[in-house]
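One file, work31.txt, carrying compact mmCIF, C-alpha atoms:
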# COMPACT_ATOMS: atom_id res chain seq x y z
CA MET A 206 35.53 -120.98 -111.30
CA THR A 207 33.81 -119.16 -114.15
CA ALA A 208 32.67 -120.45 -117.52
CA THR A 209 31.83 -118.65 -120.74
CA PRO A 210 29.18 -120.64 -122.66
CA GLU A 211 28.40 -120.48 -126.34
CA PRO A 212 28.09 -118.38 -128.41
CA ALA A 213 30.94 -116.40 -126.80
CA ARG A 214 33.63 -118.48 -128.48
CA PRO A 215 37.13 -117.07 -128.30
CA ALA A 216 39.27 -116.27 -131.31
CA ASN A 217 43.01 -116.47 -131.69
CA TRP A 218 45.26 -113.42 -131.48
CA ALA A 219 45.34 -112.87 -135.24
CA GLY A 220 41.57 -113.21 -135.59
CA ASN A 221 41.84 -115.76 -138.40
CA LEU A 222 40.44 -118.60 -136.28
CA THR A 223 37.38 -118.86 -134.06
CA TYR A 224 37.73 -121.79 -131.71
CA SER A 225 35.12 -124.55 -131.57
CA SER A 226 34.82 -124.87 -127.78
CA ALA A 227 31.43 -125.00 -126.10
CA GLU A 228 32.71 -123.29 -122.96
CA VAL A 229 35.74 -121.51 -121.52
CA VAL A 230 36.57 -122.09 -117.86
CA HIS A 231 39.08 -120.48 -115.50
CA PRO A 232 39.88 -122.97 -112.71
CA ALA A 233 41.35 -121.32 -109.64
CA THR A 234 42.68 -124.36 -107.78
CA PRO A 235 44.19 -127.79 -108.56
CA ASP A 236 40.96 -129.45 -107.45
CA GLU A 237 38.89 -127.31 -109.80
CA LEU A 238 41.20 -128.12 -112.70
CA ALA A 239 41.07 -131.84 -111.94
CA ASP A 240 37.26 -131.71 -111.83
CA VAL A 241 37.12 -129.96 -115.21
CA VAL A 242 39.34 -132.56 -116.83
CA ARG A 243 37.40 -135.49 -115.36
CA ARG A 244 33.97 -134.19 -116.37
CA SER A 245 34.89 -132.98 -119.87
CA PRO A 246 34.76 -135.46 -122.77
CA ARG A 247 36.99 -133.03 -124.64
CA VAL A 248 39.23 -130.41 -123.03
CA LYS A 249 42.22 -128.32 -124.06
CA ALA A 250 44.37 -125.64 -122.47
CA LEU A 251 44.23 -122.23 -124.14
CA GLY A 252 47.19 -119.90 -123.65
CA SER A 253 47.98 -116.55 -125.23
CA ARG A 254 46.34 -117.67 -128.51
CA HIS A 255 49.30 -116.78 -130.69
CA SER A 256 49.01 -119.94 -132.77
CA PHE A 257 47.70 -119.33 -136.27
CA GLY A 258 46.33 -122.86 -136.77
CA ASP A 259 44.02 -125.05 -134.72
CA VAL A 260 46.62 -126.82 -132.56
CA ALA A 261 44.79 -125.68 -129.39
CA ASP A 262 41.23 -126.22 -130.62
CA THR A 263 38.62 -128.42 -129.01
CA THR A 264 34.90 -129.00 -129.39
CA GLY A 265 34.55 -129.28 -125.61
CA THR A 266 36.01 -127.16 -122.81
CA HIS A 267 38.81 -124.64 -123.08
CA VAL A 268 40.81 -124.22 -119.88
CA VAL A 269 42.50 -120.86 -119.23
CA LEU A 270 44.97 -120.74 -116.35
CA ASP A 271 44.96 -116.98 -115.76
CA ARG A 272 43.37 -117.46 -112.29
CA TYR A 273 45.05 -120.72 -111.36
CA ASP A 274 46.79 -120.78 -107.97
CA ASP A 275 48.47 -123.92 -106.65
CA GLY A 276 49.79 -122.18 -103.54
CA ARG A 277 53.25 -121.46 -104.94
CA PRO A 278 54.62 -118.13 -106.19
CA PRO A 279 54.21 -117.80 -109.97
CA VAL A 280 58.00 -117.77 -110.47
CA VAL A 281 60.53 -119.41 -108.16
CA VAL A 282 64.25 -119.44 -108.99
CA ASP A 283 66.24 -122.05 -107.08
CA PRO A 284 69.42 -120.29 -105.89
CA ALA A 285 71.34 -123.58 -105.79
CA THR A 286 70.53 -124.93 -109.25
CA GLY A 287 69.34 -121.81 -111.07
CA VAL A 288 66.23 -123.69 -112.24
CA ALA A 289 63.19 -121.43 -112.58
CA SER A 290 59.85 -123.04 -111.76
CA VAL A 291 57.12 -121.00 -113.47
CA ALA A 292 53.36 -121.10 -113.73
CA ALA A 293 52.67 -122.45 -117.20
CA GLY A 294 50.16 -119.79 -118.23
CA LEU A 295 52.50 -116.86 -117.67
CA ARG A 296 53.86 -114.82 -120.54
CA TYR A 297 57.58 -115.07 -121.16
CA GLY A 298 58.01 -111.34 -120.66
CA ASP A 299 56.54 -111.50 -117.16
CA VAL A 300 58.70 -114.51 -116.29
CA THR A 301 61.90 -112.91 -117.53
CA ARG A 302 61.54 -109.86 -115.31
CA GLN A 303 61.56 -112.08 -112.22
CA VAL A 304 64.36 -114.28 -113.55
CA GLN A 305 66.44 -111.15 -114.23
CA ALA A 306 65.71 -109.85 -110.74
CA ALA A 307 67.22 -113.10 -109.40
CA GLY A 308 70.43 -112.45 -111.36
CA ARG A 309 69.68 -115.18 -113.89
CA ALA A 310 68.72 -115.33 -117.57
CA LEU A 311 67.10 -117.60 -120.12
CA ALA A 312 69.46 -118.43 -122.97
CA ASN A 313 66.89 -117.66 -125.65
CA LEU A 314 63.63 -115.84 -126.19
CA ALA A 315 61.24 -115.62 -129.12
CA SER A 316 60.51 -112.44 -131.07
CA LEU A 317 57.45 -111.75 -128.93
CA PRO A 318 57.63 -111.70 -125.12
CA HIS A 319 53.81 -111.80 -125.06
CA ILE A 320 53.50 -115.56 -125.65
CA SER A 321 52.75 -118.06 -122.89
CA VAL A 322 55.42 -120.41 -121.58
CA ALA A 323 53.45 -123.66 -121.90
CA GLY A 324 52.11 -122.94 -125.38
CA SER A 325 55.49 -121.83 -126.71
CA VAL A 326 57.25 -124.90 -125.37
CA ALA A 327 54.54 -127.26 -126.62
CA THR A 328 54.94 -126.00 -130.20
CA ALA A 329 58.77 -125.76 -130.27
CA THR A 330 58.80 -121.99 -130.61
CA HIS A 331 62.26 -120.44 -130.88
CA GLY A 332 64.36 -117.33 -131.25
CA SER A 333 67.62 -117.17 -133.17
CA GLY A 334 71.25 -118.06 -132.60
CA ASP A 335 73.75 -120.53 -134.00
CA ARG A 336 74.50 -121.89 -130.54
CA VAL A 337 71.12 -121.35 -128.92
CA GLY A 338 68.34 -123.93 -128.83
CA SER A 339 64.60 -123.52 -128.96
CA LEU A 340 62.55 -122.50 -125.94
CA ALA A 341 61.72 -126.17 -125.37
CA SER A 342 65.41 -127.02 -125.04
CA ALA A 343 65.53 -125.11 -121.74
CA VAL A 344 62.83 -127.28 -120.13
CA VAL A 345 64.03 -129.60 -117.37
CA GLY A 346 60.67 -130.43 -115.81
CA LEU A 347 56.91 -130.37 -116.39
CA GLU A 348 53.85 -130.71 -114.20
CA LEU A 349 50.64 -131.62 -116.00
CA VAL A 350 47.15 -132.86 -115.31
CA THR A 351 46.50 -135.92 -117.46
CA GLY A 352 43.26 -137.51 -118.67
CA ASP A 353 42.38 -139.03 -115.31
CA GLY A 354 42.63 -135.67 -113.56
CA VAL A 355 45.85 -136.63 -111.77
CA ARG A 356 48.75 -134.18 -111.59
CA ARG A 357 52.03 -135.74 -112.71
CA THR A 358 55.61 -134.50 -112.79
CA LEU A 359 58.13 -135.41 -115.48
CA ARG A 360 61.76 -134.38 -115.36
CA ARG A 361 64.70 -134.62 -117.73
CA GLY A 362 65.96 -138.20 -117.61
CA ASP A 363 62.51 -139.74 -117.04
CA PRO A 364 61.51 -142.23 -119.76
CA ASP A 365 58.56 -140.14 -121.04
CA PHE A 366 60.18 -136.72 -120.75
CA ALA A 367 61.50 -136.46 -124.32
CA GLY A 368 58.00 -137.06 -125.67
CA ALA A 369 56.22 -134.76 -123.25
CA VAL A 370 57.95 -131.41 -123.79
CA VAL A 371 56.89 -130.62 -127.38
CA ALA A 372 53.54 -132.38 -127.06
CA LEU A 373 51.01 -130.04 -128.74
CA GLY A 374 48.76 -130.18 -125.67
CA ALA A 375 47.97 -133.83 -126.35
CA LEU A 376 49.09 -135.21 -122.98
CA GLY A 377 47.14 -132.94 -120.68
CA VAL A 378 47.01 -129.47 -119.18
CA VAL A 379 50.51 -128.30 -118.27
CA THR A 380 50.41 -126.34 -115.02
CA ARG A 381 54.08 -125.76 -114.24
CA VAL A 382 57.29 -125.64 -116.29
CA GLU A 383 60.84 -125.84 -114.94
CA LEU A 384 63.42 -123.95 -117.01
CA GLU A 385 67.19 -124.02 -116.76
CA THR A 386 68.82 -120.60 -116.55
CA VAL A 387 72.28 -119.08 -116.92
CA PRO A 388 73.92 -116.12 -115.17
CA THR A 389 72.44 -112.85 -116.33
CA PHE A 390 73.99 -111.02 -119.28
CA ASP A 391 73.50 -107.89 -121.36
CA VAL A 392 72.88 -107.54 -125.08
CA ARG A 393 73.49 -104.75 -127.59
CA GLN A 394 71.39 -104.71 -130.73
CA ASP A 395 72.75 -103.35 -134.02
CA VAL A 396 70.86 -103.19 -137.30
CA HIS A 397 72.40 -103.14 -140.78
CA VAL A 398 70.52 -102.46 -143.99
CA GLY A 399 70.93 -103.39 -147.65
CA LEU A 400 72.52 -106.85 -147.62
CA PRO A 401 72.74 -108.23 -151.20
CA TRP A 402 71.80 -111.83 -151.99
CA ASP A 403 75.35 -112.50 -153.18
CA ALA A 404 76.57 -111.83 -149.64
CA VAL A 405 73.99 -114.23 -148.18
CA THR A 406 75.17 -116.90 -150.60
CA ALA A 407 78.87 -116.35 -149.96
CA HIS A 408 78.92 -115.43 -146.27
CA TYR A 409 75.83 -116.85 -144.56
CA ASP A 410 77.76 -118.82 -141.94
CA GLU A 411 79.89 -115.78 -141.13
CA LEU A 412 76.77 -113.61 -140.92
CA THR A 413 74.98 -115.80 -138.43
CA ALA A 414 78.16 -116.28 -136.38
CA SER A 415 78.75 -112.53 -136.15
CA ALA A 416 76.54 -112.14 -133.05
CA TYR A 417 74.78 -114.15 -130.36
CA SER A 418 71.49 -113.86 -132.26
CA VAL A 419 71.05 -112.81 -135.88
CA SER A 420 67.85 -112.27 -137.88
CA LEU A 421 67.65 -111.43 -141.58
CA PHE A 422 64.50 -109.65 -142.76
CA THR A 423 63.64 -109.96 -146.44
CA ASP A 424 60.65 -109.88 -148.77
CA TRP A 425 62.31 -112.55 -150.98
CA GLY A 426 62.47 -110.09 -153.85
CA PRO A 427 65.52 -109.28 -155.99
CA ASP A 428 66.82 -106.56 -153.66
CA GLY A 429 68.16 -109.03 -151.09
CA VAL A 430 67.89 -108.69 -147.32
CA GLN A 431 66.48 -105.34 -146.25
CA GLN A 432 67.57 -105.52 -142.57
CA VAL A 433 69.99 -107.59 -140.47
CA TRP A 434 69.33 -107.51 -136.72
CA ARG A 435 72.40 -108.55 -134.69
CA LYS A 436 72.15 -109.09 -130.92
CA SER A 437 75.60 -109.34 -129.31
CA ARG A 438 76.01 -110.89 -125.87
CA LEU A 439 77.91 -108.82 -123.28
CA ALA A 440 78.88 -109.12 -119.66
CA PRO A 441 76.81 -106.71 -117.52
CA GLY A 442 78.34 -103.25 -117.80
CA GLU A 443 80.16 -103.88 -121.10
CA THR A 444 79.32 -101.74 -124.12
CA GLY A 445 80.68 -103.79 -127.01
CA THR A 446 81.72 -102.34 -130.34
CA ALA A 447 79.90 -101.31 -133.48
CA ARG A 448 80.58 -102.92 -136.83
CA ALA A 449 80.78 -100.38 -139.63
CA GLU A 450 80.34 -102.77 -142.56
CA LEU A 451 78.66 -106.16 -142.81
CA PHE A 452 79.39 -107.85 -146.14
CA GLY A 453 78.03 -104.89 -148.06
CA ALA A 454 75.30 -103.89 -145.60
CA THR A 455 75.63 -100.57 -143.78
CA PRO A 456 74.62 -99.54 -140.23
CA ALA A 457 71.11 -98.20 -139.84
CA ALA A 458 71.09 -94.50 -139.03
CA THR A 459 67.89 -94.69 -136.96
CA THR A 460 65.87 -97.25 -135.05
CA LEU A 461 63.86 -99.45 -137.42
CA HIS A 462 60.78 -101.67 -137.39
CA PRO A 463 61.03 -104.89 -139.47
CA LEU A 464 58.25 -103.51 -141.66
CA PRO A 465 59.39 -100.53 -143.72
CA GLY A 466 57.79 -97.27 -142.72
CA VAL A 467 56.25 -98.56 -139.49
CA ASP A 468 56.95 -96.64 -136.27
CA PRO A 469 59.59 -98.61 -134.33
CA VAL A 470 58.23 -97.57 -130.93
CA HIS A 471 57.17 -101.18 -130.30
CA CYS A 472 60.67 -102.55 -130.96
CA THR A 473 63.43 -103.26 -128.48
CA ARG A 474 66.31 -100.78 -128.27
CA GLN A 475 68.76 -100.68 -131.16
CA LEU A 476 71.70 -98.49 -132.25
CA GLY A 477 74.08 -100.47 -130.02
CA GLU A 478 72.54 -99.37 -126.72
CA PRO A 479 73.28 -102.19 -124.22
CA GLY A 480 70.57 -103.52 -121.97
CA PRO A 481 69.47 -106.63 -120.08
CA TRP A 482 68.98 -109.80 -122.11
CA ASN A 483 65.21 -109.78 -121.63
CA GLU A 484 64.93 -106.27 -123.09
CA ARG A 485 66.99 -107.04 -126.21
CA LEU A 486 66.59 -110.70 -127.26
CA PRO A 487 62.93 -110.23 -128.28
CA HIS A 488 62.30 -108.00 -131.26
CA PHE A 489 59.34 -106.34 -129.54
CA ARG A 490 58.74 -104.76 -126.15
CA LEU A 491 56.41 -106.37 -123.63
CA ASP A 492 54.63 -103.13 -122.78
CA PHE A 493 53.42 -102.52 -126.33
CA THR A 494 51.21 -104.39 -128.75
CA PRO A 495 53.70 -105.49 -131.42
CA SER A 496 51.50 -106.28 -134.40
CA ASN A 497 51.21 -104.04 -137.42
CA GLY A 498 47.59 -105.14 -137.57
CA ALA A 499 45.94 -108.29 -138.82
CA GLU A 500 48.45 -110.81 -140.11
CA LEU A 501 49.01 -114.49 -140.82
CA GLN A 502 52.21 -116.45 -140.24
CA SER A 503 53.90 -119.59 -141.56
CA GLU A 504 57.35 -120.97 -140.85
CA TYR A 505 59.43 -123.89 -142.09
CA LEU A 506 62.42 -125.29 -140.22
CA VAL A 507 65.02 -126.37 -142.77
CA PRO A 508 68.10 -128.46 -141.96
CA ARG A 509 71.04 -126.06 -141.76
CA ALA A 510 72.91 -128.05 -144.42
CA ARG A 511 70.11 -127.32 -146.94
CA ALA A 512 69.77 -123.61 -146.17
CA GLN A 513 71.13 -122.28 -149.43
CA GLU A 514 68.84 -124.56 -151.42
CA ALA A 515 65.91 -123.22 -149.41
CA PHE A 516 66.95 -119.63 -150.05
CA ALA A 517 67.19 -120.31 -153.79
CA ALA A 518 63.76 -121.93 -153.77
CA MET A 519 62.19 -119.00 -151.94
CA ARG A 520 63.78 -116.51 -154.31
CA ASP A 521 62.32 -118.47 -157.22
CA LEU A 522 58.92 -118.15 -155.54
CA GLY A 523 59.47 -114.44 -154.96
CA PRO A 524 57.12 -113.22 -157.70
CA ARG A 525 54.25 -115.07 -155.98
CA VAL A 526 55.32 -114.70 -152.36
CA THR A 527 56.55 -111.10 -152.18
CA PRO A 528 53.21 -109.41 -153.01
CA LEU A 529 51.54 -111.33 -150.16
CA LEU A 530 54.17 -110.65 -147.51
CA GLN A 531 54.43 -108.08 -144.79
CA VAL A 532 57.93 -109.39 -144.14
CA GLY A 533 59.98 -112.58 -144.14
CA GLU A 534 62.60 -113.52 -141.54
CA ILE A 535 65.51 -115.96 -141.59
CA ARG A 536 66.78 -117.30 -138.24
CA THR A 537 69.05 -120.09 -137.02
CA VAL A 538 68.40 -122.57 -134.20
CA ALA A 539 70.86 -124.94 -132.57
CA ALA A 540 70.13 -128.64 -132.25
CA ASP A 541 68.50 -129.84 -129.06
CA ALA A 542 71.11 -131.10 -126.59
CA GLU A 543 68.76 -133.96 -125.77
CA PRO A 544 66.41 -135.13 -128.54
CA LEU A 545 62.74 -134.21 -128.08
CA TRP A 546 60.44 -136.43 -130.12
CA LEU A 547 58.35 -133.74 -131.83
CA SER A 548 60.98 -131.03 -131.95
CA PRO A 549 62.15 -130.06 -135.46
CA PHE A 550 65.57 -129.32 -134.00
CA ASP A 551 67.18 -132.75 -133.90
CA ALA A 552 69.90 -131.07 -135.99
CA PRO A 553 70.86 -127.40 -136.53
CA ALA A 554 68.12 -125.65 -138.47
CA VAL A 555 67.29 -122.47 -140.33
CA GLY A 556 63.83 -120.99 -139.93
CA VAL A 557 62.17 -119.51 -143.01
CA HIS A 558 59.47 -117.37 -141.41
CA LEU A 559 56.73 -115.68 -143.41
CA THR A 560 54.48 -112.95 -142.02
CA TRP A 561 51.65 -112.65 -144.51
CA LYS A 562 49.18 -109.91 -145.19
CA PRO A 563 45.65 -110.80 -143.95
CA LEU A 564 44.74 -112.47 -147.25
CA PRO A 565 43.80 -116.01 -146.19
CA ASP A 566 42.60 -117.24 -149.58
CA ASP A 567 45.70 -115.99 -151.40
CA VAL A 568 47.97 -117.41 -148.71
CA ALA A 569 46.19 -120.76 -148.86
CA ARG A 570 46.82 -120.89 -152.61
CA VAL A 571 50.56 -120.24 -152.36
CA LEU A 572 51.35 -122.45 -149.33
CA PRO A 573 51.24 -125.73 -151.32
CA ASP A 574 53.92 -124.37 -153.64
CA VAL A 575 56.08 -123.14 -150.74
CA GLU A 576 55.84 -126.57 -149.11
CA ALA A 577 56.48 -128.38 -152.40
CA ALA A 578 59.76 -126.45 -152.58
CA LEU A 579 60.85 -126.74 -148.94
CA LEU A 580 59.57 -130.05 -147.57
CA PRO A 581 61.67 -132.16 -149.99
CA LEU A 582 64.71 -130.42 -148.43
CA GLY A 583 63.75 -131.88 -145.06
CA ALA A 584 61.84 -128.81 -143.84
CA ARG A 585 59.20 -129.21 -141.15
CA PRO A 586 56.26 -126.83 -140.63
CA HIS A 587 56.22 -124.91 -137.37
CA TRP A 588 53.56 -126.48 -135.14
CA GLY A 589 52.01 -123.11 -134.29
CA LYS A 590 51.82 -121.55 -137.74
CA LEU A 591 49.75 -121.97 -140.90
CA SER A 592 50.62 -125.02 -142.98
CA HIS A 593 48.88 -126.64 -145.93
CA ALA A 594 50.15 -130.10 -144.97
CA LEU A 595 49.00 -129.90 -141.35
CA VAL A 596 45.47 -129.24 -142.60
CA HIS A 597 45.28 -131.46 -145.68
CA ASP A 598 47.90 -134.17 -145.21
CA PRO A 599 48.82 -134.48 -141.52
CA GLY A 600 50.17 -137.98 -142.03
CA SER A 601 52.96 -136.56 -144.19
CA VAL A 602 53.99 -134.26 -141.33
CA ALA A 603 53.89 -137.09 -138.79
CA ALA A 604 56.20 -139.07 -141.08
CA LEU A 605 58.85 -136.35 -140.71
CA TYR A 606 59.36 -137.35 -137.06
CA PRO A 607 61.02 -140.76 -136.47
CA ARG A 608 59.54 -141.04 -132.96
CA PHE A 609 55.99 -140.11 -133.89
CA ASP A 610 54.63 -143.63 -133.32
CA ASP A 611 56.23 -143.57 -129.87
CA PHE A 612 54.52 -140.26 -129.27
CA GLY A 613 51.18 -141.77 -130.22
CA SER A 614 51.72 -144.55 -127.71
CA LEU A 615 52.62 -141.98 -125.05
CA VAL A 616 49.40 -140.06 -125.72
CA GLN A 617 47.40 -143.27 -125.43
CA ARG A 618 48.91 -144.01 -122.03
CA HIS A 619 48.35 -140.52 -120.63
CA ASP A 620 44.97 -139.89 -122.26
CA PRO A 621 43.35 -143.23 -123.19
CA GLU A 622 39.91 -141.63 -123.63
CA GLY A 623 41.18 -138.96 -126.04
CA ARG A 624 40.07 -136.01 -123.92
CA PHE A 625 42.87 -133.80 -125.22
CA LEU A 626 42.39 -134.53 -128.91
CA GLY A 627 41.23 -131.70 -131.12
CA GLY A 628 42.18 -129.61 -134.15
CA TYR A 629 45.00 -130.92 -136.29
CA VAL A 630 46.40 -132.84 -133.31
CA GLU A 631 43.50 -135.24 -133.64
CA ARG A 632 44.10 -135.53 -137.38
CA LEU A 633 47.77 -136.23 -136.77
CA LEU A 634 47.08 -139.00 -134.28
CA THR A 635 44.28 -140.65 -136.22
CA SER A 636 45.53 -140.30 -139.79

What do you get writing this file as structure tokens?
Amino acid sequence: MTATPEPARPANWAGNLTYSSAEVVHPATPDELADVVRRSPRVKALGSRHSFGDVADTTGTHVVLDRYDDGRPPVVVDPATGVASVAAGLRYGDVTRQVQAAGRALANLASLPHISVAGSVATATHGSGDRVGSLASAVVGLELVTGDGVRRTLRRGDPDFAGAVVALGALGVVTRVELETVPTFDVRQDVHVGLPWDAVTAHYDELTASAYSVSLFTDWGPDGVQQVWRKSRLAPGETGTARAELFGATPAATTLHPLPGVDPVHCTRQLGEPGPWNERLPHFRLDFTPSNGAELQSEYLVPRARAQEAFAAMRDLGPRVTPLLQVGEIRTVAADAEPLWLSPFDAPAVGVHLTWKPLPDDVARVLPDVEAALLPLGARPHWGKLSHALVHDPGSVAALYPRFDDFGSLVQRHDPEGRFLGGYVERLLTS
């Protein structure tokens, strides 16, 4: 096992946050991990570092599972049940290649295949689709090392399971995740441009139902939605059909990046070219660095029934928001089939995603106004993105989750000494 002492503190992927940890360790075996947890007054797992806030921060020891080996293959797909058991520190893109090789698929993926499985699940990260749940909704089992250094397994149906899936790292270090899969499928991706706001107002439900996964990219200015990305599910070998007109939007003539003028080489194939699910459901390709450069991100999950009110509110904020944006994205997420205590998807939701320019002070000034407009509609901040409330009023965010007190009790039982507290998670649980 290796450790990186101060002052070599790691930063997150975006570079807007330097973590507070005193050391970074890479346990190679279950015994080494258990020893780290037992000896560390404060400890936290650190994944692919794609969170923009301090959900994964600690003043003690950061654990990175890139060298962890429990004697099992990193990905195992059960041929009888289709359940994929995966090492928690793996990136989704690496997992999906092995799942696809087994003739199976995950129902949903996020925009980036570069994010770790455990971190994405713990923060309720999602893709898009009217009938498709978040990444956490696919979890059927977890293995984790809790505050006493003991490895425990929780599976769907166990009393604590619903509180342990989206758990913000507060219960322990997750070492293995079991994911349900479906038979493999193909996807074709078509992009339309120039969708007017009137069409979003009149036909939003039809828009999002027009494909398996639909994303609307907009800068929230008066010109409407600049791009609509539609991912249509196909049986392997099918080609599907193009749609010439989409409520006033027209087919893109060339492959596009969500950001105008940026080379689309990092993006997954478009122009209706079919391909495996894992090469189309993400917006970006695993083999390329997807970012346009330094950026910040926020997202708010709005109840589907309040979507149009949220769109109107964001358009009203356009004069302040648009100059700070690289791009905004609107996505849909289905309700969790089984309620997860800290998941924002207890009902169908619409994600209002904001990719900001690297202007932290300006973004910090506008976020209170964005949240003042959206939170009264029932919106919840994404656990892994920037939020004014998570920093300055975490109790108000906790109050958005009816089972939060139960979650606090669950944390106390699994981690009575508070080893896994840190960042805003500590503020949430002690506010």

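With all atoms listed in the file as the atoms that count, the residue of A:Thr406, A:Gln394, A:Asn217, A:Gln431 with the shortest distance to Pro479 (chain A) is A:Gln394.
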
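We find CA of Ser418 (chain A) and CA of Leu522 (chain A) to be spaced 26.8 Å apart.
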
Find the residues with any atom within 12 Å of (64.7, -117.5, -134.1); use only C-alpha atoms and the coordinates as given in the file, and write the answer as number ranges by chain. A: 313-317, 329-340, 413, 417-422, 434-436, 486-488, 504-506, 534-539, 550, 553-558, 587

Limited to C-alpha atoms, could you put the picked residues into a file as a PDB file, in the frame of the given file?
ATOM      1  CA  ASN A 313      66.890-117.660-125.650  1.00  0.00           C
ATOM      2  CA  LEU A 314      63.630-115.840-126.190  1.00  0.00           C
ATOM      3  CA  ALA A 315      61.240-115.620-129.120  1.00  0.00           C
ATOM      4  CA  SER A 316      60.510-112.440-131.070  1.00  0.00           C
ATOM      5  CA  LEU A 317      57.450-111.750-128.930  1.00  0.00           C
ATOM      6  CA  ALA A 329      58.770-125.760-130.270  1.00  0.00           C
ATOM      7  CA  THR A 330      58.800-121.990-130.610  1.00  0.00           C
ATOM      8  CA  HIS A 331      62.260-120.440-130.880  1.00  0.00           C
ATOM      9  CA  GLY A 332      64.360-117.330-131.250  1.00  0.00           C
ATOM     10  CA  SER A 333      67.620-117.170-133.170  1.00  0.00           C
ATOM     11  CA  GLY A 334      71.250-118.060-132.600  1.00  0.00           C
ATOM     12  CA  ASP A 335      73.750-120.530-134.000  1.00  0.00           C
ATOM     13  CA  ARG A 336      74.500-121.890-130.540  1.00  0.00           C
ATOM     14  CA  VAL A 337      71.120-121.350-128.920  1.00  0.00           C
ATOM     15  CA  GLY A 338      68.340-123.930-128.830  1.00  0.00           C
ATOM     16  CA  SER A 339      64.600-123.520-128.960  1.00  0.00           C
ATOM     17  CA  LEU A 340      62.550-122.500-125.940  1.00  0.00           C
ATOM     18  CA  THR A 413      74.980-115.800-138.430  1.00  0.00           C
ATOM     19  CA  TYR A 417      74.780-114.150-130.360  1.00  0.00           C
ATOM     20  CA  SER A 418      71.490-113.860-132.260  1.00  0.00           C
ATOM     21  CA  VAL A 419      71.050-112.810-135.880  1.00  0.00           C
ATOM     22  CA  SER A 420      67.850-112.270-137.880  1.00  0.00           C
ATOM     23  CA  LEU A 421      67.650-111.430-141.580  1.00  0.00           C
ATOM     24  CA  PHE A 422      64.500-109.650-142.760  1.00  0.00           C
ATOM     25  CA  TRP A 434      69.330-107.510-136.720  1.00  0.00           C
ATOM     26  CA  ARG A 435      72.400-108.550-134.690  1.00  0.00           C
ATOM     27  CA  LYS A 436      72.150-109.090-130.920  1.00  0.00           C
ATOM     28  CA  LEU A 486      66.590-110.700-127.260  1.00  0.00           C
ATOM     29  CA  PRO A 487      62.930-110.230-128.280  1.00  0.00           C
ATOM     30  CA  HIS A 488      62.300-108.000-131.260  1.00  0.00           C
ATOM     31  CA  GLU A 504      57.350-120.970-140.850  1.00  0.00           C
ATOM     32  CA  TYR A 505      59.430-123.890-142.090  1.00  0.00           C
ATOM     33  CA  LEU A 506      62.420-125.290-140.220  1.00  0.00           C
ATOM     34  CA  GLU A 534      62.600-113.520-141.540  1.00  0.00           C
ATOM     35  CA  ILE A 535      65.510-115.960-141.590  1.00  0.00           C
ATOM     36  CA  ARG A 536      66.780-117.300-138.240  1.00  0.00           C
ATOM     37  CA  THR A 537      69.050-120.090-137.020  1.00  0.00           C
ATOM     38  CA  VAL A 538      68.400-122.570-134.200  1.00  0.00           C
ATOM     39  CA  ALA A 539      70.860-124.940-132.570  1.00  0.00           C
ATOM     40  CA  PHE A 550      65.570-129.320-134.000  1.00  0.00           C
ATOM     41  CA  PRO A 553      70.860-127.400-136.530  1.00  0.00           C
ATOM     42  CA  ALA A 554      68.120-125.650-138.470  1.00  0.00           C
ATOM     43  CA  VAL A 555      67.290-122.470-140.330  1.00  0.00           C
ATOM     44  CA  GLY A 556      63.830-120.990-139.930  1.00  0.00           C
ATOM     45  CA  VAL A 557      62.170-119.510-143.010  1.00  0.00           C
ATOM     46  CA  HIS A 558      59.470-117.370-141.410  1.00  0.00           C
ATOM     47  CA  HIS A 587      56.220-124.910-137.370  1.00  0.00           C
TER      48      HIS A 587
END

For Leu633 (chain A), find every residue with an atom within 9 Å (counting all atoms listed in the file), except residues of its own chain fewer than 2 positions away, and show them as a PyMOL selection string. chain A and resi 595+598-600+602-603+629-631+635-636

Have a look at CA of Arg570 (chain A) and CA of Ser256 (chain A) and let me know their distance in Å, one decimal.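 According to the coordinates, CA of Arg570 (chain A) and CA of Ser256 (chain A) are separated by 20.0 Å.
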
How far is it from CA of Pro508 (chain A) to CA of Ala414 (chain A), in Å with one decimal?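 Separating CA of Pro508 (chain A) from CA of Ala414 (chain A) is a distance of 16.8 Å.
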
I want to know what sits within 8 Å of Arg360 (chain A), based on only C-alpha atoms, with residues of the same chain fewer than 6 positions away left out; could you give that as a ChimeraX atom specification? /A:345-347,366

Could you give me, as an mmCIF file with C-alpha atoms, in the coordinates of the input, the residues that have an atom at most 8 Å away from the point (76.7, -108.2, -151.3) in the coordinates of the file, using all atoms listed in the file?
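Ended up saving to selection-v8.cif:
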data_model
loop_
_atom_site.group_PDB
_atom_site.id
_atom_site.type_symbol
_atom_site.label_atom_id
_atom_site.label_comp_id
_atom_site.auth_asym_id
_atom_site.auth_seq_id
_atom_site.Cartn_x
_atom_site.Cartn_y
_atom_site.Cartn_z
ATOM 1 C CA LEU A 400 72.520 -106.850 -147.620
ATOM 2 C CA PRO A 401 72.740 -108.230 -151.200
ATOM 3 C CA TRP A 402 71.800 -111.830 -151.990
ATOM 4 C CA ASP A 403 75.350 -112.500 -153.180
ATOM 5 C CA ALA A 404 76.570 -111.830 -149.640
ATOM 6 C CA VAL A 405 73.990 -114.230 -148.180
ATOM 7 C CA PHE A 452 79.390 -107.850 -146.140
ATOM 8 C CA GLY A 453 78.030 -104.890 -148.060
ATOM 9 C CA ALA A 454 75.300 -103.890 -145.600
#

Name the closest residue to Ser290 (chain A) among the candidates A:Arg511, A:Arg277, A:Arg393, A:Arg618; distances are taken between atoms, counting all atoms listed in the file.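 The closest residue to Ser290 (chain A) is A:Arg277.
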